[in-house]
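**Q** Structure: protein22.cif, mmCIF, C-alpha atoms and all ligand atoms.
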data_query
#
loop_
_atom_site.label_atom_id
_atom_site.label_comp_id
_atom_site.auth_asym_id
_atom_site.auth_seq_id
_atom_site.Cartn_x
_atom_site.Cartn_y
_atom_site.Cartn_z
CA MET A 1 48.49 10.11 -11.01
CA ARG A 2 49.36 6.44 -11.40
CA VAL A 3 48.33 4.08 -8.60
CA GLY A 4 51.47 2.43 -7.23
CA ARG A 5 52.12 -1.16 -6.23
CA VAL A 6 51.43 -0.82 -2.50
CA GLU A 7 48.18 1.07 -3.03
CA GLU A 8 47.08 -1.38 -5.71
CA GLU A 9 47.62 -4.33 -3.39
CA LEU A 10 45.83 -2.67 -0.50
CA ARG A 11 42.90 -1.68 -2.71
CA SER A 12 42.50 -5.17 -4.03
CA LYS A 13 42.68 -6.66 -0.50
CA ALA A 14 40.20 -4.07 0.81
CA LYS A 15 37.59 -5.20 -1.72
CA GLU A 16 37.16 -8.40 0.30
CA ARG A 17 37.43 -7.16 3.86
CA ALA A 18 38.31 -4.00 5.73
CA LEU A 19 41.98 -3.69 6.61
CA HIS A 20 43.86 -3.04 9.82
CA PHE A 21 46.96 -0.85 9.99
CA SER A 22 49.32 -0.79 12.96
CA LEU A 23 51.01 2.49 13.82
CA ILE A 24 54.52 2.46 15.24
CA ASP A 25 55.78 5.81 16.50
CA PRO A 26 59.61 5.88 16.43
CA ASP A 27 59.59 8.37 19.30
CA LYS A 28 57.97 5.74 21.54
CA THR A 29 59.25 2.47 20.05
CA GLY A 30 62.94 2.18 19.24
CA PRO A 31 64.56 -0.04 16.60
CA SER A 32 65.32 -2.84 19.10
CA ASP A 33 61.60 -3.36 19.85
CA ALA A 34 60.10 -2.37 16.51
CA GLY A 35 61.16 -5.54 14.68
CA SER A 36 59.70 -8.00 17.21
CA ILE A 37 56.51 -5.94 17.57
CA ALA A 38 56.02 -5.86 13.79
CA SER A 39 56.49 -9.60 13.47
CA LYS A 40 53.89 -10.18 16.23
CA LEU A 41 51.48 -7.83 14.49
CA GLU A 42 51.99 -9.67 11.22
CA ALA A 43 51.14 -12.95 12.95
CA MET A 44 47.98 -11.32 14.34
CA GLY A 45 46.89 -10.45 10.80
CA THR A 46 47.49 -6.71 10.52
CA ASP A 47 47.78 -5.56 6.90
CA ALA A 48 50.43 -2.83 6.98
CA ILE A 49 52.71 -0.97 9.35
CA LEU A 50 52.40 2.80 9.49
CA VAL A 51 55.48 4.55 10.83
CA GLY A 52 55.40 8.12 12.07
CA GLY A 53 54.30 10.55 14.74
CA SER A 54 53.73 14.21 15.49
CA ILE A 55 56.55 14.95 17.92
CA GLY A 56 60.14 13.81 18.39
CA VAL A 57 60.65 11.79 15.20
CA SER A 58 64.24 12.12 13.96
CA GLU A 59 65.22 10.96 10.49
CA ARG A 60 67.91 8.66 11.82
CA GLU A 61 65.58 6.90 14.30
CA LEU A 62 62.93 6.63 11.62
CA ASP A 63 65.40 4.94 9.23
CA GLU A 64 66.58 2.53 11.93
CA VAL A 65 63.05 1.60 12.99
CA ILE A 66 62.00 0.92 9.41
CA ILE A 67 65.09 -1.16 8.65
CA GLU A 68 64.28 -3.37 11.66
CA ILE A 69 60.62 -3.69 10.70
CA LYS A 70 61.57 -4.66 7.14
CA ARG A 71 63.99 -7.27 8.50
CA SER A 72 61.33 -8.81 10.73
CA CYS A 73 58.19 -8.97 8.61
CA SER A 74 56.99 -8.86 5.03
CA LEU A 75 54.22 -6.29 5.53
CA PRO A 76 54.27 -3.02 3.57
CA VAL A 77 55.76 -0.17 5.58
CA ILE A 78 53.98 3.11 4.95
CA LEU A 79 55.16 6.48 6.20
CA PHE A 80 52.74 8.55 8.23
CA PRO A 81 54.66 11.82 8.42
CA GLY A 82 54.00 14.60 10.91
CA ASN A 83 56.46 16.83 9.10
CA ILE A 84 59.17 16.63 6.45
CA THR A 85 61.43 14.82 8.92
CA GLY A 86 58.99 11.90 8.63
CA ILE A 87 60.37 10.72 5.27
CA SER A 88 62.61 7.66 4.95
CA ARG A 89 64.09 6.09 1.84
CA TYR A 90 63.55 2.62 3.36
CA ALA A 91 59.74 2.80 3.36
CA ASP A 92 57.54 1.21 0.69
CA ALA A 93 55.12 4.11 0.41
CA ILE A 94 54.06 7.35 2.06
CA LEU A 95 50.66 8.74 2.97
CA PHE A 96 51.16 12.00 1.10
CA MET A 97 48.85 13.95 3.36
CA SER A 98 47.41 17.41 3.38
CA LEU A 99 45.87 18.39 6.71
CA LEU A 100 42.69 19.68 5.13
CA ASN A 101 41.31 21.42 8.19
CA SER A 102 44.54 23.06 9.31
CA THR A 103 44.46 26.83 9.73
CA ASN A 104 48.15 27.00 8.83
CA PRO A 105 49.13 26.74 5.15
CA TYR A 106 52.37 24.99 6.15
CA PHE A 107 50.38 21.84 6.96
CA ILE A 108 48.16 22.09 3.88
CA THR A 109 50.72 22.60 1.09
CA ARG A 110 54.07 24.00 2.31
CA ALA A 111 55.44 20.93 4.09
CA GLN A 112 54.15 18.97 1.09
CA LEU A 113 56.11 21.23 -1.28
CA LEU A 114 59.31 20.57 0.64
CA GLY A 115 58.50 16.90 1.09
CA ALA A 116 57.72 16.35 -2.59
CA ALA A 117 61.33 17.07 -3.57
CA ILE A 118 62.63 14.44 -1.15
CA ILE A 119 59.98 11.85 -2.01
CA ARG A 120 60.87 12.19 -5.69
CA LYS A 121 64.58 11.85 -4.94
CA TYR A 122 64.01 8.65 -2.92
CA ASP A 123 61.38 7.41 -5.40
CA ILE A 124 58.84 6.54 -2.69
CA GLU A 125 55.31 5.64 -3.73
CA ALA A 126 53.02 8.53 -2.77
CA ILE A 127 49.44 7.82 -1.74
CA PRO A 128 47.47 11.09 -2.00
CA THR A 129 45.58 11.42 1.29
CA GLY A 130 43.28 14.02 2.81
CA TYR A 131 43.96 14.16 6.55
CA ILE A 132 41.05 15.40 8.64
CA ILE A 133 41.21 16.05 12.37
CA VAL A 134 38.08 15.36 14.41
CA GLY A 135 37.75 17.02 17.83
CA SER A 136 40.96 18.42 19.32
CA GLY A 137 43.02 15.70 17.62
CA GLY A 138 45.60 15.37 20.39
CA ALA A 139 49.20 16.09 19.42
CA ALA A 140 48.42 15.91 15.67
CA GLY A 141 45.68 18.52 16.11
CA TYR A 142 47.82 20.82 18.23
CA VAL A 143 50.96 20.60 16.10
CA GLY A 144 48.96 20.89 12.87
CA TYR A 145 46.92 23.97 13.89
CA ALA A 146 43.75 22.00 13.21
CA HIS A 147 40.30 23.49 13.39
CA GLY A 148 38.84 20.13 14.40
CA VAL A 149 35.51 18.89 13.11
CA PRO A 150 33.07 18.83 16.06
CA TYR A 151 32.10 15.27 17.06
CA ASP A 152 28.42 16.07 16.64
CA ARG A 153 28.81 17.38 13.08
CA ALA A 154 28.97 14.16 11.08
CA ASP A 155 27.89 16.17 8.04
CA ILE A 156 31.01 18.37 8.16
CA GLY A 157 33.32 15.37 8.56
CA GLY A 158 31.56 13.80 5.57
CA LEU A 159 32.01 16.93 3.51
CA TYR A 160 35.74 16.95 4.20
CA VAL A 161 35.97 13.44 2.76
CA LEU A 162 33.99 14.58 -0.28
CA LEU A 163 36.35 17.55 -0.63
CA ALA A 164 39.33 15.16 -0.56
CA LYS A 165 37.73 13.13 -3.33
CA TYR A 166 36.96 16.19 -5.48
CA MET A 167 40.57 17.32 -5.06
CA GLY A 168 41.73 14.01 -6.49
CA MET A 169 42.90 12.38 -3.28
CA ARG A 170 42.35 8.64 -3.20
CA PHE A 171 42.51 8.20 0.58
CA ALA A 172 40.86 10.19 3.38
CA TYR A 173 41.91 9.74 6.99
CA LEU A 174 39.45 10.73 9.72
CA GLU A 175 41.68 11.21 12.77
CA ALA A 176 40.59 11.70 16.39
CA GLY A 177 44.27 11.82 17.46
CA SER A 178 46.48 9.25 19.09
CA GLY A 179 45.12 8.29 22.51
CA ALA A 180 41.91 10.28 21.94
CA PRO A 181 39.33 9.87 24.70
CA ARG A 182 36.67 9.31 22.04
CA PRO A 183 37.04 7.81 18.55
CA VAL A 184 35.54 9.22 15.37
CA PRO A 185 31.79 8.47 15.57
CA PRO A 186 30.42 5.85 13.15
CA THR A 187 27.76 8.39 12.10
CA MET A 188 30.53 10.59 10.66
CA VAL A 189 32.06 7.67 8.78
CA ARG A 190 28.62 6.78 7.42
CA ALA A 191 28.05 10.40 6.30
CA ALA A 192 31.45 10.39 4.56
CA ARG A 193 30.74 7.13 2.75
CA ASN A 194 27.28 8.26 1.67
CA LEU A 195 28.57 11.58 0.35
CA ALA A 196 31.82 10.46 -1.26
CA GLY A 197 30.79 7.06 -2.62
CA GLU A 198 32.74 3.83 -2.79
CA ASP A 199 35.94 4.84 -4.57
CA ILE A 200 37.72 6.77 -1.87
CA VAL A 201 39.53 4.70 0.75
CA ILE A 202 38.42 5.86 4.20
CA MET A 203 40.88 5.38 7.06
CA VAL A 204 39.82 5.95 10.65
CA GLY A 205 42.04 6.16 13.72
CA GLY A 206 42.48 7.62 17.17
CA GLY A 207 41.09 6.20 20.42
CA ILE A 208 39.88 2.87 19.01
CA ARG A 209 40.46 0.48 21.90
CA ASP A 210 38.16 -2.50 21.43
CA GLY A 211 36.81 -4.80 18.78
CA GLU A 212 33.24 -3.66 19.08
CA THR A 213 34.10 -0.02 18.39
CA ALA A 214 36.32 -1.01 15.47
CA ALA A 215 33.57 -3.19 13.99
CA SER A 216 30.97 -0.41 14.26
CA ILE A 217 33.27 1.97 12.38
CA VAL A 218 33.87 -0.62 9.64
CA LYS A 219 30.13 -1.28 9.36
CA ALA A 220 29.62 2.44 8.89
CA GLY A 221 31.88 2.33 5.83
CA ALA A 222 35.55 2.57 6.87
CA ASN A 223 38.05 0.60 4.77
CA ILE A 224 40.98 0.82 7.17
CA ILE A 225 41.16 0.94 10.98
CA VAL A 226 44.37 2.29 12.52
CA THR A 227 45.60 1.26 15.97
CA GLY A 228 48.57 2.89 17.67
CA THR A 229 48.52 3.32 21.45
CA LEU A 230 47.27 -0.19 22.24
CA ILE A 231 50.23 -1.77 20.46
CA GLU A 232 52.45 -0.47 23.23
CA ARG A 233 49.94 -0.92 26.07
CA ASN A 234 47.90 -4.01 25.33
CA PRO A 235 48.82 -6.15 22.31
CA ASP A 236 46.09 -8.71 23.10
CA LYS A 237 43.46 -6.08 22.55
CA VAL A 238 45.01 -5.29 19.16
CA SER A 239 44.47 -8.90 18.23
CA ASN A 240 40.76 -8.57 19.17
CA ILE A 241 40.47 -5.43 17.06
CA ILE A 242 42.05 -7.12 14.04
CA ARG A 243 39.67 -10.07 14.39
CA ALA A 244 36.68 -7.73 14.71
CA VAL A 245 37.71 -5.69 11.64
CA LYS A 246 38.06 -8.85 9.56
CA SER A 247 34.79 -10.33 10.75
CA VAL A 248 32.61 -7.53 9.37
CA THR A 249 30.80 -7.80 6.09
CA ARG A 250 30.94 -4.21 4.90
CA HIS A 251 27.76 -2.11 4.95
CA SER A 252 25.94 -4.88 6.74
CA SER A 253 24.11 -2.54 9.08
C1 LIG B 301 46.94 8.11 15.55
O1 LIG B 301 45.00 7.27 14.55
C2 LIG B 301 46.21 6.90 15.10
O2 LIG B 301 47.35 8.86 14.48
C3 LIG B 301 46.11 5.86 16.18
O3 LIG B 301 45.47 6.34 17.34
O4 LIG B 301 47.05 5.73 19.17
O5 LIG B 301 44.65 6.19 19.69
O6 LIG B 301 45.31 4.11 18.49
P1 LIG B 301 45.62 5.54 18.74
#
Could you quickly redo this structure as structure tokens?
**A**
Amino acid sequence: MRVGRVEEELRSKAKERALHFSLIDPDKTGPSDAGSIASKLEAMGTDAILVGGSIGVSERELDEVIIEIKRSCSLPVILFPGNITGISRYADAILFMSLLNSTNPYFITRAQLLGAAIIRKYDIEAIPTGYIIVGSGGAAGYVGYAHGVPYDRADIGGLYVLLAKYMGMRFAYLEAGSGAPRPVPPTMVRAARNLAGEDIVIMVGGGIRDGETAASIVKAGANIIVTGTLIERNPDKVSNIIRAVKSVTRHSS
């Protein structure tokens, strides 16, 4: 499958430094706030805005939030869908995700089957992504019937990323869940990078609340750090995380 414009740009940027993505959940942030938040995040140096969530995302709100974000900043807007209602024609791309460790086929291929028809109709750039829940995974883990990777089994998390690569996915997202008490351990990211090699883009999110943690995950081999909850609670800390992500020389430890 052809690599699209958004993915191409992100890949070329990620060769220099790790990237930071900001997650806006339309269930928590309405259109009136989304635009000003996105423009602040752009000024802080975030690289893309992810839009989506597991619960309470309506198509209309999603459209309105994305329209406001697009009006207020020039960052790529990438869909992060929790279900087929998470698709909007106004986005630049979509993480076309399969929840690899779901126990329910709906979240592995059935939602994707239904979503594919809409994505084709809207002509949205699809970024093939293996989505892997670590621990209970919060709302994403519950809604997605995930059989979460135990925190102390870095090897299993690594194997899921290898599986994503062997299935032809170009991105793998290790997810502890929004607001997770504990982020994905750097040892798991390191195992994934060692097993799957350099090509696959590794995203990591869930419970990352400070620069030091973000930097340790990048040093372990992550290409993209995702921050969600802090954007609403403590934007200054997001700025620290972005700085920390950008300050790391990859694989320096
Ligand atoms: C959730 O990984 C993202 O899907 C972000 O998590 O809200 O904990 O930053 P946080």
**Q** Enumerate residues in contact with ligand LIG 301 (chain B): an atom-to-atom distance of at most 8 Å, counting only C-alpha atoms and all ligand atoms. Format the result as a PDB file with C-alpha atoms, in the coordinates of the input.
**A**
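See selection.pdb below for the written result:
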ATOM      1  CA  LEU A  23      51.010   2.490  13.820  1.00  0.00           C
ATOM      2  CA  GLY A  53      54.300  10.550  14.740  1.00  0.00           C
ATOM      3  CA  ALA A 140      48.420  15.910  15.670  1.00  0.00           C
ATOM      4  CA  GLU A 175      41.680  11.210  12.770  1.00  0.00           C
ATOM      5  CA  ALA A 176      40.590  11.700  16.390  1.00  0.00           C
ATOM      6  CA  GLY A 177      44.270  11.820  17.460  1.00  0.00           C
ATOM      7  CA  SER A 178      46.480   9.250  19.090  1.00  0.00           C
ATOM      8  CA  GLY A 179      45.120   8.290  22.510  1.00  0.00           C
ATOM      9  CA  ALA A 180      41.910  10.280  21.940  1.00  0.00           C
ATOM     10  CA  PRO A 183      37.040   7.810  18.550  1.00  0.00           C
ATOM     11  CA  VAL A 204      39.820   5.950  10.650  1.00  0.00           C
ATOM     12  CA  GLY A 205      42.040   6.160  13.720  1.00  0.00           C
ATOM     13  CA  GLY A 206      42.480   7.620  17.170  1.00  0.00           C
ATOM     14  CA  GLY A 207      41.090   6.200  20.420  1.00  0.00           C
ATOM     15  CA  ILE A 208      39.880   2.870  19.010  1.00  0.00           C
ATOM     16  CA  ARG A 209      40.460   0.480  21.900  1.00  0.00           C
ATOM     17  CA  VAL A 226      44.370   2.290  12.520  1.00  0.00           C
ATOM     18  CA  THR A 227      45.600   1.260  15.970  1.00  0.00           C
ATOM     19  CA  GLY A 228      48.570   2.890  17.670  1.00  0.00           C
ATOM     20  CA  THR A 229      48.520   3.320  21.450  1.00  0.00           C
ATOM     21  CA  LEU A 230      47.270  -0.190  22.240  1.00  0.00           C
ATOM     22  CA  ILE A 231      50.230  -1.770  20.460  1.00  0.00           C
TER      23      ILE A 231
END
**Q** Please measure the separation of atom CA of Asp236 of chain A and atom CA of Ile49 of chain A, giving the value in Å to one decimal.
**A**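 It comes out at 17.1 Å.
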**Q** Could you give me, as JSON, numbers by chain, the residues within 12 Å of segment 11-13 of chain A, counting only C-alpha atoms and dropping anything in the same chain fewer than 2 positions from it?
**A** {"A": [3, 4, 5, 6, 7, 8, 9, 15, 16, 17, 18, 19, 20, 47, 48, 127, 170, 171, 198, 199, 200, 201, 202, 223, 224, 246]}
**Q** Name the residues within 10 Å of (42.1, -6.2, 15.5), counting all atoms listed in the file in the file's coordinates, and put them as a ChimeraX atom specification.
**A** /A:19-22,41,44-46,208-212,214-215,225-227,235-247
**Q** What lies within 10 Å of Ser36 of chain A using only C-alpha atoms, ignoring chain neighbours under 3 positions off, as number ranges by chain?
**A** A: 31-33, 39-42, 68-69, 71-73
**Q** Using C-alpha atoms, can you write the selected residues to a file as a PDB file, in the frame of the given file?
**A**
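Saved file part-v7.pdb follows:
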ATOM      1  CA  PRO A  31      64.560  -0.040  16.600  1.00  0.00           C
ATOM      2  CA  SER A  32      65.320  -2.840  19.100  1.00  0.00           C
ATOM      3  CA  ASP A  33      61.600  -3.360  19.850  1.00  0.00           C
ATOM      4  CA  SER A  39      56.490  -9.600  13.470  1.00  0.00           C
ATOM      5  CA  LYS A  40      53.890 -10.180  16.230  1.00  0.00           C
ATOM      6  CA  LEU A  41      51.480  -7.830  14.490  1.00  0.00           C
ATOM      7  CA  GLU A  42      51.990  -9.670  11.220  1.00  0.00           C
ATOM      8  CA  GLU A  68      64.280  -3.370  11.660  1.00  0.00           C
ATOM      9  CA  ILE A  69      60.620  -3.690  10.700  1.00  0.00           C
ATOM     10  CA  ARG A  71      63.990  -7.270   8.500  1.00  0.00           C
ATOM     11  CA  SER A  72      61.330  -8.810  10.730  1.00  0.00           C
ATOM     12  CA  CYS A  73      58.190  -8.970   8.610  1.00  0.00           C
TER      13      CYS A  73
END
**Q** Write out as a list of chain:residue names which residues come within 6 Å of Gly130 of chain A when counting all atoms listed in the file, dropping same-chain ones fewer than 5 positions away.
**A**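 Counting all atoms listed in the file, the residues come to A:Met97, A:Ser98, A:Ala164, A:Ala172.
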**Q** State, in Å with one decimal place, the distance from atom CA of Tyr166 of chain A to atom CA of Phe96 of chain A.
**A**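 Here the two named atoms are 16.2 Å from each other.
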**Q** Looking at only C-alpha atoms, which of A:Ile37, A:Met1, A:Ile94, A:Leu195 is the one that sits closest to Lys165 of chain A?
**A**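 For Lys165 of chain A, the nearest of the candidates is A:Leu195.
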**Q** Between A:Pro105, A:Gly168, A:Gly135, A:Pro26, single out the one closest to Arg153 of chain A, counting all atoms listed in the file.
**A**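 Residue with the minimum atom-to-atom distance to Arg153 of chain A: A:Gly135.
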**Q** So, counting only C-alpha atoms, which residue among A:Ile133, A:Ala117, A:Ile24, A:Leu75 is closest to Ala43 of chain A?
**A**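 Smallest separation from Ala43 of chain A among the options: A:Leu75.
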**Q** Quick one, how far is atom CA of Asp92 of chain A from atom CA of Leu50 of chain A?
**A**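 Between these atoms lies a distance of 10.3 Å.
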**Q** Work out where the centre of an axis-aligned box around every listed atom of segment 234-240 of chain A lies and how long its edges are once 5 Å is added on each side; give both in Å to one decimal as lines of an AutoDock Vina configuration file.
**A**
center_x = 44.8
center_y = -6.5
center_z = 21.8
size_x = 18.1
size_y = 14.9
size_z = 17.1
**Q** Compare A:Ser88, A:Ser74, A:Ser136, A:Thr109 by their minimum atom-to-atom distance to Ile124 of chain A, counting all atoms listed in the file, and give me the closest one.
**A** A:Ser88
**Q** Between A:Pro76, A:Gly141, A:Gly158, A:Pro128, which has the minimum distance to Phe107 of chain A (counting only C-alpha atoms)?
**A**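 Checking each of A:Pro76, A:Gly141, A:Gly158, A:Pro128 against Phe107 of chain A, counting only C-alpha atoms, the winner is A:Gly141.
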**Q** Tyr90 of chain A: which residues within 12 Å, counting all atoms listed in the file, same-chain residues fewer than 4 positions away excluded, as a CSV table (one decimal) with C-alpha atoms, in the coordinates of the input?
**A**
chain,number,residue,atom,x,y,z
A,51,VAL,CA,55.5,4.6,10.8
A,59,GLU,CA,65.2,11.0,10.5
A,60,ARG,CA,67.9,8.7,11.8
A,61,GLU,CA,65.6,6.9,14.3
A,62,LEU,CA,62.9,6.6,11.6
A,63,ASP,CA,65.4,4.9,9.2
A,64,GLU,CA,66.6,2.5,11.9
A,65,VAL,CA,63.0,1.6,13.0
A,66,ILE,CA,62.0,0.9,9.4
A,67,ILE,CA,65.1,-1.2,8.6
A,68,GLU,CA,64.3,-3.4,11.7
A,69,ILE,CA,60.6,-3.7,10.7
A,70,LYS,CA,61.6,-4.7,7.1
A,71,ARG,CA,64.0,-7.3,8.5
A,76,PRO,CA,54.3,-3.0,3.6
A,77,VAL,CA,55.8,-0.2,5.6
A,78,ILE,CA,54.0,3.1,5.0
A,79,LEU,CA,55.2,6.5,6.2
A,86,GLY,CA,59.0,11.9,8.6
A,94,ILE,CA,54.1,7.4,2.1
A,119,ILE,CA,60.0,11.8,-2.0
A,122,TYR,CA,64.0,8.6,-2.9
A,123,ASP,CA,61.4,7.4,-5.4
A,124,ILE,CA,58.8,6.5,-2.7
A,125,GLU,CA,55.3,5.6,-3.7
**Q** From the list A:Leu174, A:Ala154, A:Leu10, A:Leu162, which residue is nearest Met188 of chain A when using only C-alpha atoms?
**A**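 Of A:Leu174, A:Ala154, A:Leu10, A:Leu162, the one nearest Met188 of chain A, counting only C-alpha atoms, is A:Ala154.
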**Q** Need to verify the contact set: Thr187 of chain A, 9 Å, all atoms listed in the file, exclusion of same-chain residues closer than 5 positions in sequence. Can you return it as a PyMOL selection string?
**A** chain A and resi 152+154-155+192+217+220
**Q** Would you export the selected residues with C-alpha atoms as a PDB file, keeping the file's coordinate frame, please?
**A**
ATOM      1  CA  ASP A 152      28.420  16.070  16.640  1.00  0.00           C
ATOM      2  CA  ALA A 154      28.970  14.160  11.080  1.00  0.00           C
ATOM      3  CA  ASP A 155      27.890  16.170   8.040  1.00  0.00           C
ATOM      4  CA  ALA A 192      31.450  10.390   4.560  1.00  0.00           C
ATOM      5  CA  ILE A 217      33.270   1.970  12.380  1.00  0.00           C
ATOM      6  CA  ALA A 220      29.620   2.440   8.890  1.00  0.00           C
TER       7      ALA A 220
END
**Q** In the coordinate frame of the file, compute which residues have an atom within 7 Å of (31.4, 13.6, 18.5) when using all atoms listed in the file, and state them as a VMD selection string.
**A** chain A and resid 150 to 152 184 to 185
**Q** Kindly reconstruct segment 76-94 of chain A with N, CA, C and O atoms and present the result as a PDB file, in the coordinates of the input.
**A**
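New file result.pdb:
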ATOM      1  N   PRO A  76      53.852  -4.326   4.098  1.00  0.00           N
ATOM      2  CA  PRO A  76      54.270  -3.020   3.570  1.00  0.00           C
ATOM      3  C   PRO A  76      54.454  -2.013   4.705  1.00  0.00           C
ATOM      4  O   PRO A  76      53.675  -1.998   5.656  1.00  0.00           O
ATOM      5  N   VAL A  77      55.500  -1.220   4.595  1.00  0.00           N
ATOM      6  CA  VAL A  77      55.760  -0.170   5.580  1.00  0.00           C
ATOM      7  C   VAL A  77      55.438   1.176   4.934  1.00  0.00           C
ATOM      8  O   VAL A  77      56.016   1.540   3.901  1.00  0.00           O
ATOM      9  N   ILE A  78      54.488   1.870   5.544  1.00  0.00           N
ATOM     10  CA  ILE A  78      53.980   3.110   4.950  1.00  0.00           C
ATOM     11  C   ILE A  78      54.248   4.274   5.899  1.00  0.00           C
ATOM     12  O   ILE A  78      53.899   4.205   7.090  1.00  0.00           O
ATOM     13  N   LEU A  79      54.856   5.313   5.373  1.00  0.00           N
ATOM     14  CA  LEU A  79      55.160   6.480   6.200  1.00  0.00           C
ATOM     15  C   LEU A  79      53.894   7.260   6.510  1.00  0.00           C
ATOM     16  O   LEU A  79      53.028   7.438   5.647  1.00  0.00           O
ATOM     17  N   PHE A  80      53.847   7.742   7.754  1.00  0.00           N
ATOM     18  CA  PHE A  80      52.740   8.550   8.230  1.00  0.00           C
ATOM     19  C   PHE A  80      53.369   9.812   8.825  1.00  0.00           C
ATOM     20  O   PHE A  80      53.558   9.921  10.034  1.00  0.00           O
ATOM     21  N   PRO A  81      53.783  10.747   7.957  1.00  0.00           N
ATOM     22  CA  PRO A  81      54.660  11.820   8.420  1.00  0.00           C
ATOM     23  C   PRO A  81      53.917  12.948   9.142  1.00  0.00           C
ATOM     24  O   PRO A  81      52.827  13.350   8.751  1.00  0.00           O
ATOM     25  N   GLY A  82      54.544  13.434  10.227  1.00  0.00           N
ATOM     26  CA  GLY A  82      54.000  14.600  10.910  1.00  0.00           C
ATOM     27  C   GLY A  82      54.645  15.868  10.397  1.00  0.00           C
ATOM     28  O   GLY A  82      54.182  16.976  10.681  1.00  0.00           O
ATOM     29  N   ASN A  83      55.723  15.692   9.645  1.00  0.00           N
ATOM     30  CA  ASN A  83      56.460  16.830   9.100  1.00  0.00           C
ATOM     31  C   ASN A  83      57.437  16.280   8.062  1.00  0.00           C
ATOM     32  O   ASN A  83      57.454  15.067   7.819  1.00  0.00           O
ATOM     33  N   ILE A  84      58.281  17.150   7.490  1.00  0.00           N
ATOM     34  CA  ILE A  84      59.170  16.630   6.450  1.00  0.00           C
ATOM     35  C   ILE A  84      60.274  15.727   7.007  1.00  0.00           C
ATOM     36  O   ILE A  84      60.916  14.997   6.263  1.00  0.00           O
ATOM     37  N   THR A  85      60.463  15.741   8.316  1.00  0.00           N
ATOM     38  CA  THR A  85      61.430  14.820   8.920  1.00  0.00           C
ATOM     39  C   THR A  85      60.871  13.388   8.965  1.00  0.00           C
ATOM     40  O   THR A  85      61.584  12.463   9.334  1.00  0.00           O
ATOM     41  N   GLY A  86      59.622  13.219   8.580  1.00  0.00           N
ATOM     42  CA  GLY A  86      58.990  11.900   8.630  1.00  0.00           C
ATOM     43  C   GLY A  86      59.150  11.100   7.354  1.00  0.00           C
ATOM     44  O   GLY A  86      58.348  10.202   7.076  1.00  0.00           O
ATOM     45  N   ILE A  87      60.171  11.429   6.548  1.00  0.00           N
ATOM     46  CA  ILE A  87      60.370  10.720   5.270  1.00  0.00           C
ATOM     47  C   ILE A  87      61.611   9.829   5.375  1.00  0.00           C
ATOM     48  O   ILE A  87      62.667  10.278   5.824  1.00  0.00           O
ATOM     49  N   SER A  88      61.478   8.589   4.951  1.00  0.00           N
ATOM     50  CA  SER A  88      62.610   7.660   4.950  1.00  0.00           C
ATOM     51  C   SER A  88      62.690   6.925   3.624  1.00  0.00           C
ATOM     52  O   SER A  88      61.665   6.459   3.110  1.00  0.00           O
ATOM     53  N   ARG A  89      63.901   6.791   3.117  1.00  0.00           N
ATOM     54  CA  ARG A  89      64.090   6.090   1.840  1.00  0.00           C
ATOM     55  C   ARG A  89      63.805   4.584   1.946  1.00  0.00           C
ATOM     56  O   ARG A  89      63.680   3.901   0.949  1.00  0.00           O
ATOM     57  N   TYR A  90      63.727   4.066   3.179  1.00  0.00           N
ATOM     58  CA  TYR A  90      63.550   2.620   3.360  1.00  0.00           C
ATOM     59  C   TYR A  90      62.085   2.178   3.346  1.00  0.00           C
ATOM     60  O   TYR A  90      61.795   0.993   3.363  1.00  0.00           O
ATOM     61  N   ALA A  91      61.170   3.150   3.322  1.00  0.00           N
ATOM     62  CA  ALA A  91      59.740   2.800   3.360  1.00  0.00           C
ATOM     63  C   ALA A  91      59.254   2.377   1.980  1.00  0.00           C
ATOM     64  O   ALA A  91      59.857   2.694   0.954  1.00  0.00           O
ATOM     65  N   ASP A  92      58.126   1.652   1.961  1.00  0.00           N
ATOM     66  CA  ASP A  92      57.540   1.210   0.690  1.00  0.00           C
ATOM     67  C   ASP A  92      56.635   2.255   0.081  1.00  0.00           C
ATOM     68  O   ASP A  92      56.419   2.269  -1.130  1.00  0.00           O
ATOM     69  N   ALA A  93      56.052   3.102   0.912  1.00  0.00           N
ATOM     70  CA  ALA A  93      55.120   4.110   0.410  1.00  0.00           C
ATOM     71  C   ALA A  93      54.965   5.190   1.481  1.00  0.00           C
ATOM     72  O   ALA A  93      55.446   5.036   2.610  1.00  0.00           O
ATOM     73  N   ILE A  94      54.316   6.274   1.108  1.00  0.00           N
ATOM     74  CA  ILE A  94      54.060   7.350   2.060  1.00  0.00           C
ATOM     75  C   ILE A  94      52.624   7.831   1.911  1.00  0.00           C
ATOM     76  O   ILE A  94      52.131   7.972   0.777  1.00  0.00           O
TER      77      ILE A  94
END
